[in-house]
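Novice: Structure supplied as final_33.txt; contents: compact mmCIF, C-alpha atoms.
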# COMPACT_ATOMS: atom_id res chain seq x y z
CA MET A 1 130.66 50.95 85.38
CA ILE A 2 129.98 47.77 83.47
CA THR A 3 132.05 44.63 84.11
CA PHE A 4 133.07 42.78 80.92
CA ILE A 5 133.97 39.08 81.19
CA ASN A 6 134.53 36.39 78.53
CA ASN A 7 134.55 38.98 75.72
CA ASN A 8 132.53 37.83 72.75
CA ILE A 9 134.42 38.42 69.51
CA ASP A 10 131.41 38.94 67.22
CA ILE A 11 131.55 42.35 65.53
CA PRO A 12 128.63 44.09 67.31
CA TYR A 13 130.01 43.03 70.70
CA LYS A 14 133.42 44.44 69.79
CA ILE A 15 131.84 47.72 68.66
CA PHE A 16 129.77 47.86 71.86
CA ARG A 17 132.96 47.57 73.89
CA GLU A 18 134.75 50.25 71.82
CA LYS A 19 131.85 52.70 72.21
CA TYR A 20 131.77 51.98 75.94
CA ASN A 21 135.52 52.65 76.23
CA GLN A 22 135.14 55.95 74.36
CA ALA A 23 132.29 57.09 76.65
CA TYR A 24 134.27 55.98 79.71
CA LEU A 25 137.32 58.01 78.62
CA GLN A 26 135.04 61.04 78.23
CA LYS A 27 133.91 60.49 81.84
CA GLN A 28 130.30 59.73 80.92
CA ASP A 29 128.21 59.87 84.10
CA SER A 30 125.76 57.02 84.80
CA ILE A 31 127.46 55.06 82.03
CA GLN A 32 125.67 51.88 83.17
CA SER A 33 122.14 53.35 82.80
CA ILE A 34 120.08 51.53 80.21
CA ALA A 35 116.40 51.89 79.32
CA ILE A 36 114.67 48.51 79.29
CA SER A 37 111.31 48.46 77.54
CA SER A 38 108.80 45.66 77.88
CA PHE A 39 105.29 44.77 76.78
CA SER A 40 102.37 43.46 78.79
CA PRO A 41 99.95 41.41 76.67
CA LYS A 42 97.61 41.60 79.69
CA SER A 43 97.21 45.39 79.72
CA ASN A 44 98.31 45.82 76.07
CA GLU A 45 100.77 48.48 77.22
CA VAL A 46 104.45 49.26 76.61
CA TYR A 47 106.51 50.12 79.72
CA SER A 48 110.03 51.40 80.14
CA ARG A 49 112.45 52.10 82.98
CA TYR A 50 116.16 52.59 83.57
CA VAL A 51 118.21 49.85 85.18
CA ASN A 52 121.94 49.53 85.80
CA LEU A 53 123.66 47.23 83.33
CA LYS A 54 126.18 45.50 85.62
CA ILE A 55 127.83 42.74 83.56
CA VAL A 56 128.40 41.76 79.94
CA ASP A 57 129.44 38.08 80.02
CA ASP A 58 129.99 36.63 76.54
CA LYS A 59 126.60 37.23 74.83
CA ASN A 60 124.71 38.01 78.03
CA PHE A 61 123.84 41.53 79.21
CA ILE A 62 123.01 41.22 82.93
CA PHE A 63 121.13 43.44 85.39
CA PHE A 64 119.45 42.74 88.74
CA THR A 65 115.98 43.35 90.07
CA ASN A 66 113.06 42.03 92.10
CA TYR A 67 111.53 38.93 90.47
CA ASP A 68 108.05 39.88 91.74
CA SER A 69 108.18 43.35 90.18
CA PRO A 70 105.87 44.33 87.30
CA LYS A 71 108.76 44.28 84.79
CA SER A 72 109.68 40.71 85.78
CA LYS A 73 106.09 39.64 85.22
CA GLN A 74 106.08 41.41 81.85
CA PHE A 75 109.28 39.57 80.84
CA GLU A 76 107.60 36.27 81.73
CA MET A 77 104.56 37.05 79.58
CA HIS A 78 106.55 38.56 76.68
CA ASN A 79 110.25 37.69 76.67
CA GLN A 80 111.24 40.12 73.91
CA ILE A 81 112.52 43.52 75.06
CA SER A 82 114.33 46.57 73.78
CA ALA A 83 117.42 47.92 75.56
CA THR A 84 118.55 51.44 74.72
CA ILE A 85 121.58 53.45 75.82
CA PHE A 86 122.43 57.10 75.21
CA TRP A 87 125.91 58.35 76.08
CA SER A 88 125.71 62.13 75.76
CA LYS A 89 129.46 62.76 76.12
CA THR A 90 130.16 60.98 72.84
CA ASN A 91 126.67 61.55 71.34
CA THR A 92 126.26 57.80 70.87
CA GLN A 93 123.06 55.82 70.99
CA ILE A 94 122.95 52.03 71.09
CA ARG A 95 119.64 50.29 70.41
CA MET A 96 119.28 46.59 71.03
CA LEU A 97 116.42 44.14 70.60
CA ALA A 98 116.76 41.00 72.67
CA LYS A 99 115.27 37.97 74.35
CA ILE A 100 115.41 37.98 78.14
CA GLN A 101 115.59 35.27 80.81
CA LYS A 102 116.33 34.84 84.52
CA MET A 103 119.80 34.00 85.83
CA SER A 104 120.23 30.83 87.92
CA LYS A 105 119.68 30.71 91.69
CA SER A 106 123.34 29.78 92.27
CA PHE A 107 124.53 32.78 90.22
CA ASN A 108 122.21 35.08 92.19
CA ASN A 109 123.38 33.72 95.57
CA GLU A 110 127.02 34.20 94.61
CA TYR A 111 126.43 37.74 93.39
CA PHE A 112 124.33 38.76 96.39
CA ILE A 113 126.87 37.58 98.97
CA ASN A 114 129.52 39.90 97.50
CA ARG A 115 127.25 42.91 97.27
CA ASN A 116 127.07 46.02 99.45
CA LEU A 117 125.03 45.08 102.56
CA LYS A 118 123.03 48.32 102.55
CA LYS A 119 121.84 47.56 99.04
CA ASN A 120 120.99 44.04 100.18
CA ALA A 121 118.89 45.42 103.05
CA LEU A 122 116.91 47.40 100.49
CA ALA A 123 116.58 44.38 98.18
CA ILE A 124 115.26 42.27 101.07
CA SER A 125 112.92 44.88 102.55
CA SER A 126 111.32 46.24 99.39
CA ASN A 127 108.31 44.72 97.73
CA GLN A 128 109.33 46.46 94.51
CA SER A 129 106.76 48.67 92.78
CA ASN A 130 104.00 47.76 95.23
CA GLN A 131 102.18 50.71 96.70
CA ILE A 132 103.12 51.94 100.17
CA ASP A 133 101.64 54.61 102.42
CA SER A 134 104.64 56.91 102.53
CA TYR A 135 108.35 57.24 101.87
CA SER A 136 109.00 57.19 105.64
CA GLN A 137 107.46 53.71 105.69
CA VAL A 138 110.07 52.67 103.08
CA ILE A 139 112.86 53.95 105.34
CA GLU A 140 111.35 52.17 108.35
CA ASN A 141 111.22 48.81 106.51
CA TYR A 142 114.78 49.31 105.31
CA ASN A 143 116.10 50.08 108.82
CA ARG A 144 114.32 47.03 110.25
CA SER A 145 115.93 44.82 107.58
CA LEU A 146 119.35 46.36 108.20
CA GLU A 147 119.08 45.49 111.91
CA SER A 148 117.44 42.08 111.87
CA ASP A 149 117.82 40.29 108.50
CA ASP A 150 120.63 38.04 107.27
CA LEU A 151 122.07 40.44 104.69
CA LYS A 152 124.17 37.74 103.00
CA LYS A 153 121.20 35.52 102.16
CA CYS A 154 119.72 36.24 98.72
CA PRO A 155 115.92 36.10 98.84
CA ASP A 156 114.17 34.00 96.19
CA TYR A 157 112.49 37.12 94.87
CA TRP A 158 115.75 38.87 93.93
CA GLY A 159 118.19 38.12 91.13
CA GLY A 160 119.55 38.77 87.69
CA PHE A 161 118.10 38.89 84.23
CA SER A 162 120.21 38.24 81.17
CA PHE A 163 119.28 39.49 77.74
CA ILE A 164 120.90 38.33 74.50
CA PRO A 165 120.51 40.80 71.62
CA TYR A 166 119.52 39.71 68.13
CA TYR A 167 119.73 43.28 66.80
CA PHE A 168 122.16 46.16 67.46
CA GLU A 169 121.98 49.68 66.09
CA PHE A 170 124.94 52.00 66.66
CA TRP A 171 123.92 55.62 66.18
CA ASP A 172 126.42 58.48 66.10
CA GLY A 173 124.82 61.90 66.33
CA HIS A 174 125.67 64.86 64.08
CA GLU A 175 124.79 68.52 64.68
CA SER A 176 122.81 68.86 61.43
CA ARG A 177 121.18 65.48 62.08
CA ILE A 178 123.27 63.68 59.42
CA ASN A 179 123.48 60.93 62.00
CA LYS A 180 125.45 57.80 61.19
CA ARG A 181 123.43 54.62 61.76
CA GLU A 182 124.91 51.14 61.46
CA VAL A 183 122.91 48.01 62.10
CA TYR A 184 123.86 44.41 62.86
CA GLY A 185 120.97 41.95 62.75
CA LEU A 186 121.24 38.24 63.43
CA ALA A 187 120.00 36.15 60.47
CA GLY A 188 120.59 32.40 60.41
CA GLY A 189 123.34 32.68 63.01
CA ILE A 190 125.19 35.37 60.99
CA TRP A 191 125.41 39.08 61.86
CA LYS A 192 124.16 40.94 58.79
CA HIS A 193 125.45 44.50 58.49
CA SER A 194 123.64 47.49 56.96
CA PHE A 195 123.41 51.29 57.04
CA LEU A 196 120.18 53.14 57.82
CA GLN A 197 119.17 56.60 56.67
CA PRO A 198 119.17 59.18 59.47
CA MET B 1 116.33 72.64 75.85
CA ILE B 2 112.57 72.12 76.04
CA THR B 3 110.18 74.99 75.28
CA PHE B 4 107.27 75.25 77.73
CA ILE B 5 104.12 77.08 76.58
CA ASN B 6 100.62 77.32 78.09
CA ASN B 7 101.76 75.72 81.35
CA ASN B 8 99.30 73.13 82.58
CA ILE B 9 98.62 73.54 86.30
CA ASP B 10 97.88 69.89 87.12
CA ILE B 11 100.25 68.58 89.80
CA PRO B 12 102.32 66.12 87.68
CA TYR B 13 102.91 68.83 85.06
CA LYS B 14 104.10 71.24 87.77
CA ILE B 15 106.45 68.60 89.19
CA PHE B 16 107.74 67.82 85.69
CA ARG B 17 108.61 71.50 85.24
CA GLU B 18 110.30 71.72 88.67
CA LYS B 19 112.43 68.61 87.98
CA TYR B 20 113.35 70.05 84.57
CA ASN B 21 114.40 73.37 86.15
CA GLN B 22 116.55 71.54 88.71
CA ALA B 23 118.30 69.50 86.00
CA TYR B 24 118.76 72.64 83.89
CA LEU B 25 120.38 74.51 86.80
CA GLN B 26 122.75 71.56 87.23
CA LYS B 27 123.71 71.94 83.54
CA GLN B 28 122.33 68.54 82.53
CA ASP B 29 123.62 67.75 79.03
CA SER B 30 121.14 66.49 76.41
CA ILE B 31 118.33 67.54 78.75
CA GLN B 32 115.79 67.10 75.91
CA SER B 33 116.68 63.42 75.27
CA ILE B 34 113.77 61.10 75.92
CA ALA B 35 113.41 57.39 75.23
CA ILE B 36 110.19 56.65 73.34
CA SER B 37 109.13 53.00 73.37
CA SER B 38 106.54 51.55 71.04
CA PHE B 39 104.98 48.23 70.16
CA SER B 40 104.40 46.61 66.79
CA PRO B 41 101.45 44.18 66.82
CA LYS B 42 102.69 43.08 63.38
CA SER B 43 106.10 41.81 64.51
CA ASN B 44 105.03 41.42 68.17
CA GLU B 45 108.14 43.39 69.20
CA VAL B 46 108.89 46.30 71.52
CA TYR B 47 111.15 49.03 70.09
CA SER B 48 112.79 52.05 71.68
CA ARG B 49 114.83 55.05 70.55
CA TYR B 50 115.82 58.49 71.82
CA VAL B 51 114.19 61.59 70.38
CA ASN B 52 114.48 65.25 71.31
CA LEU B 53 111.51 66.50 73.30
CA LYS B 54 111.12 70.01 71.85
CA ILE B 55 107.90 71.46 73.29
CA VAL B 56 105.53 70.95 76.21
CA ASP B 57 102.34 72.82 75.29
CA ASP B 58 99.61 72.45 77.91
CA LYS B 59 99.12 68.66 78.13
CA ASN B 60 101.04 67.87 74.92
CA PHE B 61 104.62 66.64 74.81
CA ILE B 62 105.85 67.27 71.25
CA PHE B 63 108.73 65.88 69.19
CA PHE B 64 109.38 65.71 65.43
CA THR B 65 110.19 62.89 63.08
CA ASN B 66 109.61 61.30 59.68
CA TYR B 67 106.01 60.10 59.31
CA ASP B 68 107.10 57.17 57.11
CA SER B 69 109.60 55.89 59.69
CA PRO B 70 109.07 52.54 61.44
CA LYS B 71 108.22 54.27 64.74
CA SER B 72 105.48 56.35 63.07
CA LYS B 73 103.97 53.18 61.63
CA GLN B 74 104.16 51.55 65.07
CA PHE B 75 102.34 54.54 66.63
CA GLU B 76 99.59 54.15 64.03
CA MET B 77 99.13 50.45 64.80
CA HIS B 78 99.44 50.85 68.59
CA ASN B 79 98.95 54.42 69.86
CA GLN B 80 100.07 53.74 73.44
CA ILE B 81 103.73 54.45 74.21
CA SER B 82 106.10 54.89 77.11
CA ALA B 83 108.33 57.97 77.41
CA THR B 84 111.23 57.83 79.83
CA ILE B 85 113.77 60.44 80.90
CA PHE B 86 116.87 60.09 83.04
CA TRP B 87 118.65 63.23 84.23
CA SER B 88 121.92 61.99 85.74
CA LYS B 89 122.95 65.36 87.23
CA THR B 90 120.03 65.28 89.65
CA ASN B 91 119.62 61.46 89.63
CA THR B 92 116.01 61.85 88.53
CA GLN B 93 114.00 59.49 86.39
CA ILE B 94 110.61 60.37 84.92
CA ARG B 95 108.48 57.58 83.48
CA MET B 96 105.37 58.38 81.50
CA LEU B 97 102.73 56.24 79.80
CA ALA B 98 100.81 58.07 77.11
CA LYS B 99 98.64 58.06 74.01
CA ILE B 100 100.26 59.52 70.91
CA GLN B 101 98.97 61.27 67.79
CA LYS B 102 100.22 63.36 64.85
CA MET B 103 100.29 67.16 64.93
CA SER B 104 98.35 69.08 62.26
CA LYS B 105 99.78 69.92 58.84
CA SER B 106 99.51 73.67 59.57
CA PHE B 107 101.45 73.28 62.84
CA ASN B 108 104.16 71.31 61.02
CA ASN B 109 104.45 73.89 58.21
CA GLU B 110 104.79 76.72 60.71
CA TYR B 111 107.41 74.88 62.74
CA PHE B 112 109.42 73.79 59.70
CA ILE B 113 109.64 77.27 58.21
CA ASN B 114 111.34 78.58 61.36
CA ARG B 115 113.77 75.70 61.65
CA ASN B 116 117.48 75.52 60.84
CA LEU B 117 117.78 75.01 57.07
CA LYS B 118 120.53 72.41 57.38
CA LYS B 119 118.27 70.28 59.56
CA ASN B 120 115.50 70.79 56.99
CA ALA B 121 117.79 69.56 54.20
CA LEU B 122 118.32 66.39 56.19
CA ALA B 123 114.59 66.02 56.93
CA ILE B 124 113.80 66.37 53.22
CA SER B 125 116.58 64.13 51.92
CA SER B 126 116.35 61.24 54.35
CA ASN B 127 114.02 58.31 53.93
CA GLN B 128 114.32 57.67 57.66
CA SER B 129 115.37 54.19 58.80
CA ASN B 130 115.35 52.78 55.27
CA GLN B 131 118.49 50.93 54.31
CA ILE B 132 121.13 52.70 52.24
CA ASP B 133 124.37 51.49 50.66
CA SER B 134 126.74 53.68 52.65
CA TYR B 135 127.07 56.71 54.89
CA SER B 136 128.68 58.63 51.99
CA GLN B 137 125.42 58.13 50.08
CA VAL B 138 123.60 59.81 53.00
CA ILE B 139 125.93 62.81 52.75
CA GLU B 140 125.48 62.95 48.97
CA ASN B 141 121.66 63.00 49.26
CA TYR B 142 121.92 65.68 51.94
CA ASN B 143 124.18 67.90 49.83
CA ARG B 144 121.89 67.55 46.81
CA SER B 145 118.91 68.61 48.96
CA LEU B 146 120.85 71.54 50.41
CA GLU B 147 121.58 72.82 46.91
CA SER B 148 118.35 72.18 45.05
CA ASP B 149 115.34 71.78 47.39
CA ASP B 150 113.03 74.43 48.81
CA LEU B 151 114.24 74.23 52.42
CA LYS B 152 111.27 76.22 53.76
CA LYS B 153 108.66 73.78 52.44
CA CYS B 154 107.73 71.07 54.93
CA PRO B 155 107.33 67.71 53.15
CA ASP B 156 104.18 65.73 53.91
CA TYR B 157 106.31 62.96 55.41
CA TRP B 158 107.77 65.15 58.16
CA GLY B 159 106.11 66.54 61.27
CA GLY B 160 105.37 66.42 64.96
CA PHE B 161 103.89 63.85 67.27
CA SER B 162 102.20 64.84 70.50
CA PHE B 163 101.78 62.49 73.40
CA ILE B 164 99.52 63.11 76.37
CA PRO B 165 100.49 61.14 79.49
CA TYR B 166 97.96 59.28 81.61
CA TYR B 167 100.63 58.12 84.08
CA PHE B 168 103.70 59.83 85.55
CA GLU B 169 106.29 58.33 87.87
CA PHE B 170 108.87 60.62 89.46
CA TRP B 171 111.85 58.63 90.69
CA ASP B 172 114.62 60.16 92.83
CA GLY B 173 117.67 57.93 93.16
CA HIS B 174 119.45 57.19 96.44
CA GLU B 175 122.95 55.70 96.86
CA SER B 176 121.73 52.69 98.87
CA ARG B 177 118.80 52.29 96.46
CA ILE B 178 116.23 53.69 98.92
CA ASN B 179 114.85 55.46 95.89
CA LYS B 180 111.84 57.72 96.30
CA ARG B 181 109.05 56.88 93.85
CA GLU B 182 105.91 58.98 93.49
CA VAL B 183 103.19 58.18 91.01
CA TYR B 184 100.34 60.19 89.51
CA GLY B 185 97.84 58.15 87.52
CA LEU B 186 94.78 59.54 85.78
CA ALA B 187 91.55 57.89 86.98
CA GLY B 188 88.18 59.34 85.96
CA GLY B 189 89.76 62.68 85.06
CA ILE B 190 91.50 62.96 88.45
CA TRP B 191 95.25 62.56 89.11
CA LYS B 192 95.52 59.89 91.80
CA HIS B 193 98.71 60.06 93.87
CA SER B 194 100.60 57.15 95.44
CA PHE B 195 104.06 56.04 96.59
CA LEU B 196 105.79 52.94 95.23
CA GLN B 197 108.34 50.76 96.98
CA PRO B 198 111.85 51.14 95.57
Take the structure from the file and write it as C-alpha cells.

Specialist:
Amino acid sequence: MITFINNNIDIPYKIFREKYNQAYLQKQDSIQSIAISSFSPKSNEVYSRYVNLKIVDDKNFIFFTNYDSPKSKQFEMHNQISATIFWSKTNTQIRMLAKIQKMSKSFNNEYFINRNLKKNALAISSNQSNQIDSYSQVIENYNRSLESDDLKKCPDYWGGFSFIPYYFEFWDGHESRINKREVYGLAGGIWKHSFLQP
Amino acid sequence: MITFINNNIDIPYKIFREKYNQAYLQKQDSIQSIAISSFSPKSNEVYSRYVNLKIVDDKNFIFFTNYDSPKSKQFEMHNQISATIFWSKTNTQIRMLAKIQKMSKSFNNEYFINRNLKKNALAISSNQSNQIDSYSQVIENYNRSLESDDLKKCPDYWGGFSFIPYYFEFWDGHESRINKREVYGLAGGIWKHSFLQP
C-alpha cells in the first residue's frame, strides 16, 4: 500500500490517486511496486529495478534504499529518472519522468524509528548490491545485526529518495490495442494535457 | 504468454525459463509484461514503458512495436537498454541489461500475416506516440483501417526488436527483505556468477 498525505490538487495527481483507488478496489497485488530507471554517465548504461513506493506527500513520491547502492550513485550523477507502474488488475500503466533527490536526515531518522525492526536489521547489515560469497553469509550478517545492533538508529547510509514528476502518462489498455493514452506535461509551471496515439 | 523456441542452454537462460514456469503455474497475470528502459542522448533523459515480451528464441528476447515511435528512435541512438520483470505471484524480479536491434523485414512480414487482424488494423492506423486531438479520433482511424486496409500486409514502420542480455539478475523477495540476489554477467564469452547483498 501507498500512504497519501497532503494531497496535491493538480490534475495528474488527482488522476494518479483515482487510478490507485481503482487498482486497490480490484485487490491489485504488489500495488506499491514501481520500476525506477536510471542512467549512469560513467558506464553509459541504463539500469532499472523495482522499489516499493511508500509515500506520496504533496508532489513528492518517496521510497527508501541504501544511499551507497549503485542506484543512489546513479541518481547523484544523473538526477533525472523514469518511474513506471503497471497495475494488471485494471490494465493501467502510469509512466512518469521526474527529478530525484535525497530526503533529509531528520525525516529518515523519524521514519526508521517507526519501522519493523527486522527490516531495520537488514537495512543495517546489508551493504546493498555489493558482492558477497553466498546467501548464507547474508543471513549470518542479518542475524548478527538482529542480536547486537541498535535497531532504532538509522544508519547514515540508509534513507529516502523523493522524486517529483514533470511528466505523467496514463495508459489504459484495450484488447485490440486501441489503448487510451493521456499525457500531462509540465510547461512553464502549467500542466499541459494531450492525447497520444496508441 | 511467452513463446520459447530453440532453447538456449546457458545457465541464466535455463533459470529464466524455470522462473517463468513457476510464475505460470501460479497463474501470474500479464506474465509477458516487461519494462523496457531506454536513454535519449538528445534529450539526456531516461524513459521506460511496458511492452509484451512475445518470443524468446535462443538468445533473443523479442517484442513488437512501431519503428517510428520515440522508443525506436531512442534504441537507434543508444542501443543499450534495461529490461525488467516483476512476477508478484512468486515474488520474483528479473533484471536484464542488453543490446537491442531490429528484426528483419522477412521475419516481420511472416509474424504480421499470422497475427490478429484487429491488432493489425491498430498497428497500421496508429502513428504511435504522436499527439492526436482526441481518443475518438484514434477509434475513427482504427475503424477506417479495419474497413479499407490490407490487414495482412506489414507496414514498413512496424516490426520486432530483439534484445540479447549481457547481464541477468534473479531476485527472490523475502518478507524481512533478506532478498536473495544472484547475478550472471557475461565476461569474455563466459557467464560469471555472483551473489549480491540485498

Novice: Taking only C-alpha atoms into account, produce a table as JSON lines in which each residue of segment 115-160 of chain B with an atom at most 12 Å from an atom of segment 187-196 of chain A appears once, together with its shortest atom pair and the distance in Å to one decimal, ordered by chain and rising number.

Specialist:
{"residue": "B:Ser126", "atom": "CA", "partner": "A:Leu196", "partner_atom": "CA", "distance": 9.6}
{"residue": "B:Asn127", "atom": "CA", "partner": "A:Leu196", "partner_atom": "CA", "distance": 8.9}
{"residue": "B:Gln128", "atom": "CA", "partner": "A:Leu196", "partner_atom": "CA", "distance": 7.4}
{"residue": "B:Ser129", "atom": "CA", "partner": "A:Leu196", "partner_atom": "CA", "distance": 5.0}
{"residue": "B:Asn130", "atom": "CA", "partner": "A:Leu196", "partner_atom": "CA", "distance": 5.5}
{"residue": "B:Gln131", "atom": "CA", "partner": "A:Leu196", "partner_atom": "CA", "distance": 4.5}
{"residue": "B:Ile132", "atom": "CA", "partner": "A:Phe195", "partner_atom": "CA", "distance": 5.5}
{"residue": "B:Asp133", "atom": "CA", "partner": "A:Phe195", "partner_atom": "CA", "distance": 6.5}
{"residue": "B:Ser134", "atom": "CA", "partner": "A:Phe195", "partner_atom": "CA", "distance": 6.0}
{"residue": "B:Tyr135", "atom": "CA", "partner": "A:Phe195", "partner_atom": "CA", "distance": 6.9}
{"residue": "B:Ser136", "atom": "CA", "partner": "A:Phe195", "partner_atom": "CA", "distance": 10.4}
{"residue": "B:Gln137", "atom": "CA", "partner": "A:Phe195", "partner_atom": "CA", "distance": 10.0}
{"residue": "B:Val138", "atom": "CA", "partner": "A:Leu196", "partner_atom": "CA", "distance": 8.9}

Novice: In Å, rounded to a single decimal, give me how far atom CA of Ile36 of chain B is from atom CA of Glu18 of chain B.

Specialist: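 Result for atom CA of Glu18 of chain B versus atom CA of Ile36 of chain B: 21.5 Å, one decimal.
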
Novice: Select all residues from chain B having any atom no more than 8 Å from an atom of chain A (counting all atoms listed in the file, ignoring ligands), output as a ChimeraX atom specification.

Specialist: /B:29-30,35,37-39,45-50,80-84,86,88,93,95,97,118-119,122,126-135,138-139,142,176-178,180,194-198

Novice: Would you please work out which residue, of B:Asp57, B:Lys102, B:Gln22, B:Phe63, is nearest to Asn7 of chain B when using all atoms listed in the file?

Specialist: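 Answer, going by the shortest atom-to-atom distance: B:Asp57.
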
Novice: With a distance cut-off of 8 Å and all atoms listed in the file, select the neighbouring residues of Ile164 of chain B, excluding the residue or stretch itself and same-chain residues fewer than 2 positions from it, and output the selection as a count of residues only.

Specialist: 8

Novice: What does the structure give for the distance between atom CA of Ser145 of chain B and atom CA of Trp171 of chain A, in Å to one decimal?

Specialist: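 Computed distance, atom CA of Ser145 of chain B to atom CA of Trp171 of chain A, equals 22.1 Å.
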
Novice: Between atom CA of Pro12 of chain B and atom CA of Asp58 of chain B, what is the distance, to one decimal in Å?

Specialist: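 Computing the Euclidean distance for atom CA of Pro12 of chain B and atom CA of Asp58 of chain B yields 12.0 Å.
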
Novice: Show me the residues close to (110.8, 72.4, 57.8) - anything with an atom within 9 Å, counting only C-alpha atoms - and format the list as a list in words.

Specialist: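 Those residues lying close to the given coordinates are Asn108, Asn109, Glu110, Tyr111, Phe112, Ile113, Asn114, Arg115, Asn116, Leu117, Lys119, Asn120, Ala121, Ala123, Ile124, Leu151, Lys152, Lys153, Cys154, Pro155, Trp158 and Gly159 of chain B.
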
Novice: Would you mind completing segment 109-122 of chain B to N, CA and C atoms and writing the output as a PDB file, keeping the file's coordinate frame?

Specialist:
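Wrote it out as rebuild_38.pdb, contents follow:
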ATOM      1  N   ASN B 109     103.944  72.887  59.170  1.00  0.00           N
ATOM      2  CA  ASN B 109     104.450  73.890  58.210  1.00  0.00           C
ATOM      3  C   ASN B 109     105.070  75.074  58.943  1.00  0.00           C
ATOM      4  N   GLU B 110     104.365  75.563  59.919  1.00  0.00           N
ATOM      5  CA  GLU B 110     104.790  76.720  60.710  1.00  0.00           C
ATOM      6  C   GLU B 110     106.108  76.431  61.442  1.00  0.00           C
ATOM      7  N   TYR B 111     106.201  75.238  61.995  1.00  0.00           N
ATOM      8  CA  TYR B 111     107.410  74.880  62.740  1.00  0.00           C
ATOM      9  C   TYR B 111     108.596  74.735  61.790  1.00  0.00           C
ATOM     10  N   PHE B 112     108.353  74.095  60.662  1.00  0.00           N
ATOM     11  CA  PHE B 112     109.420  73.790  59.700  1.00  0.00           C
ATOM     12  C   PHE B 112     110.043  75.066  59.140  1.00  0.00           C
ATOM     13  N   ILE B 113     109.185  76.037  58.860  1.00  0.00           N
ATOM     14  CA  ILE B 113     109.640  77.270  58.210  1.00  0.00           C
ATOM     15  C   ILE B 113     110.613  78.056  59.105  1.00  0.00           C
ATOM     16  N   ASN B 114     110.484  77.854  60.417  1.00  0.00           N
ATOM     17  CA  ASN B 114     111.340  78.580  61.360  1.00  0.00           C
ATOM     18  C   ASN B 114     112.545  77.766  61.837  1.00  0.00           C
ATOM     19  N   ARG B 115     112.752  76.628  61.206  1.00  0.00           N
ATOM     20  CA  ARG B 115     113.770  75.700  61.650  1.00  0.00           C
ATOM     21  C   ARG B 115     115.074  75.915  60.873  1.00  0.00           C
ATOM     22  N   ASN B 116     116.163  75.484  61.476  1.00  0.00           N
ATOM     23  CA  ASN B 116     117.480  75.520  60.840  1.00  0.00           C
ATOM     24  C   ASN B 116     117.438  74.835  59.467  1.00  0.00           C
ATOM     25  N   LEU B 117     117.910  75.536  58.441  1.00  0.00           N
ATOM     26  CA  LEU B 117     117.780  75.010  57.070  1.00  0.00           C
ATOM     27  C   LEU B 117     118.614  73.755  56.833  1.00  0.00           C
ATOM     28  N   LYS B 118     119.717  73.633  57.538  1.00  0.00           N
ATOM     29  CA  LYS B 118     120.530  72.410  57.380  1.00  0.00           C
ATOM     30  C   LYS B 118     119.774  71.188  57.910  1.00  0.00           C
ATOM     31  N   LYS B 119     119.090  71.384  59.028  1.00  0.00           N
ATOM     32  CA  LYS B 119     118.270  70.280  59.560  1.00  0.00           C
ATOM     33  C   LYS B 119     117.139  69.963  58.583  1.00  0.00           C
ATOM     34  N   ASN B 120     116.577  71.013  57.959  1.00  0.00           N
ATOM     35  CA  ASN B 120     115.500  70.790  56.990  1.00  0.00           C
ATOM     36  C   ASN B 120     115.997  69.988  55.783  1.00  0.00           C
ATOM     37  N   ALA B 121     117.223  70.296  55.337  1.00  0.00           N
ATOM     38  CA  ALA B 121     117.790  69.560  54.200  1.00  0.00           C
ATOM     39  C   ALA B 121     117.876  68.069  54.539  1.00  0.00           C
ATOM     40  N   LEU B 122     118.244  67.801  55.780  1.00  0.00           N
ATOM     41  CA  LEU B 122     118.320  66.390  56.190  1.00  0.00           C
ATOM     42  C   LEU B 122     116.921  65.772  56.249  1.00  0.00           C
TER      43      LEU B 122
END
